[in-house]
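Scroll down for the structure; my scribbles are underneath it.
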Amino acid sequence: MASKALFFFALLSFSAVSLRPAFAKNEEDPGLVMNFYKDSCPQAEDIIQEQVKLLYKRHKNTAFSWLRNIFHDCAVQSCDASLLLDSTRRTLSEKETDRSFGLRNFRYLDTIKEAVERECPGVVSCSDILVLSARDGIVALGGPYIPLRTGRRDRRKSRAEVVEQYLPDHNESISVVLERFADMGIDTPGVVALLGAHSVGRTHCVKLVHRLYPEVDPVLNPNHVEHMLYKCPDPIPDPKAVQYVRNDRGTPMKLDNNYYRNILDNKGLLTVDHKLATDKRTKPYVKKMAKSQDYFFKQFAKAITLLSENNPLTGTNGEIRKQCNVANRLH
């Protein structure tokens, strides 16, 4: 799996008003609710959960992808599956932007959608499947089960033209990172917890070499530098090459609080990891999460919930796509 560097950052600070969750509104548009499909497709969440388990058993890296998807989709203006749309002759896909470098495994979301469609054609949105697959992927990685509301609908167009405004580079300052998340109602401990997703997966050397060449970043732990140089021997790595470093060498397949101990020991791969462990606003929470996995999970669950409820389309807005990578009008 490629870099996880980009899936944690949120909203443009200078342009938009705060985007808030959509809760119950009225009978025609209930907004997001628990078990939205209890009458229209009672088996929907069970089908999604079972598919996630099956796919994870066959392809372990799918869980990393599902977790990345919720950040890349929901942080860009709305949680509406615009991320999943393919490019057309007129519109570039969000998946093909620079900020989406390394996103993959979208075909497995299609597999889940197909399974749900066999049971309930045209009922369950791709945006809900994206969110629920992330929820169940977190469990597969050893993280907490997070009850999430459903009832989202799918956007008809890509937002590729604004992705870079809403998903800053991983070298951004902590001030910018905190500001982006604050626009979604996510506080400082929530931001620290979300970045804890760096405890799983791998980072492509493309995102690391600036800390290794032409000179090694002096803040890096010397014992970790040797491993990073071994995995990234080229100053200008090929983006298509299989050149990665595990985010957490100790428990690379487990979502846990080992990430915080690593960054306090100057073993964070990304610049933002180091900043998180040293900035006076975030360091106290890093230390607290390093000591308590329960606290990490509590804050992580709260932040994921807020992220998943960022300005969704509900009611009659948007559509229920028949196929997640294509808007219905082009199906």
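In the structure tokens, chains take the letters A, B, ... in the order shown, each chain's residues start at 1, and ligands count up from 1 in the order shown.
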Quiz item: If we count only C-alpha atoms, what is near range 145-162 of chain A at a cut-off of 7 Å, once residues fewer than 2 positions away on the same chain are taken out, given as a ChimeraX atom specification?
Solution: /A:31-36,80-83,85,91-94,97,125-128,135,139,143,164-166,301,305,312-314,317-321,327
Could you give me, as a tab-separated table, a per-residue list for range 83-148 of chain A showing, wherever an atom lies at most 8 Å from an atom of range 235-258 of chain A, the closest pair of atoms and their distance in Å to one decimal, using only C-alpha atoms and sorting by chain then residue number from low to high?
```
residue	atom	partner	partner_atom	distance
A:Ile138	CA	A:Leu255	CA	7.5
A:Leu141	CA	A:Lys254	CA	5.0
A:Gly142	CA	A:Leu255	CA	5.7
A:Gly143	CA	A:Leu255	CA	5.5
```
Limited to N, CA and C atoms, could you put the picked residues into a file as an mmCIF file, in the first residue's frame?
```
data_model
loop_
_atom_site.group_PDB
_atom_site.id
_atom_site.type_symbol
_atom_site.label_atom_id
_atom_site.label_comp_id
_atom_site.auth_asym_id
_atom_site.auth_seq_id
_atom_site.Cartn_x
_atom_site.Cartn_y
_atom_site.Cartn_z
ATOM 1 N N ILE A 138 -11.598 -0.845 10.206
ATOM 2 C CA ILE A 138 -10.957 -0.461 11.469
ATOM 3 C C ILE A 138 -11.004 -1.621 12.450
ATOM 4 N N LEU A 141 -8.509 -4.304 11.669
ATOM 5 C CA LEU A 141 -7.144 -3.917 12.046
ATOM 6 C C LEU A 141 -6.938 -3.883 13.559
ATOM 7 N N GLY A 142 -7.932 -4.324 14.303
ATOM 8 C CA GLY A 142 -7.801 -4.356 15.756
ATOM 9 C C GLY A 142 -8.270 -3.100 16.453
ATOM 10 N N GLY A 143 -8.884 -2.196 15.709
ATOM 11 C CA GLY A 143 -9.384 -0.959 16.294
ATOM 12 C C GLY A 143 -10.781 -1.133 16.861
#
```
Quiz item: Taking the backbone alone, and naming residues the way the document does, which bits of range 47-289 of chain A are alpha helix (DSSP H) by DSSP, as an MDAnalysis selection string?
Solution: chainID A and resid 47:58 62:74 106:119 126:140 163:166 174:182 188:194 222:231 258:264 271:278 283:289
Quiz prompt | 12 Å contact set for Ile129 in chain A, only C-alpha atoms, chain neighbours under 2 positions out, as a PyMOL selection string | solution = chain A and resi 37+44-49+51-52+66+69-70+79-81+84+106+108-117+123-127+131-137+148-154+308+320-321+323-324
Exercise. Using only C-alpha atoms, pick whichever of A:Asp279, A:Asp86, A:Asp187, A:Asp234 has the shortest atom-to-atom distance to Leu306 in chain A.
Key: A:Asp187
I'd like the neighbourhood of range 190-198 of chain A as a compact mmCIF listing (two decimals) with N, CA, C and O atoms, in the first residue's frame, where a residue qualifies if any of its atoms comes within 6 Å (using only C-alpha atoms), though same-chain residues fewer than 6 positions away should be ignored.
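To be explicit, this is the file written out as selection_4.txt:
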```
# COMPACT_ATOMS: atom_id res chain seq x y z
N PHE A 296 -6.81 6.67 23.29
CA PHE A 296 -6.62 6.80 21.84
C PHE A 296 -7.87 6.34 21.10
O PHE A 296 -8.41 7.06 20.24
N GLN A 299 -10.91 8.78 21.50
CA GLN A 299 -10.79 9.99 20.69
C GLN A 299 -10.86 9.68 19.20
O GLN A 299 -11.41 10.45 18.41
N PHE A 300 -10.31 8.55 18.81
CA PHE A 300 -10.33 8.13 17.41
C PHE A 300 -11.76 7.89 16.95
O PHE A 300 -12.18 8.35 15.87
N ALA A 303 -13.63 11.19 16.54
CA ALA A 303 -13.20 11.94 15.37
C ALA A 303 -13.68 11.30 14.07
O ALA A 303 -14.09 11.99 13.13
```
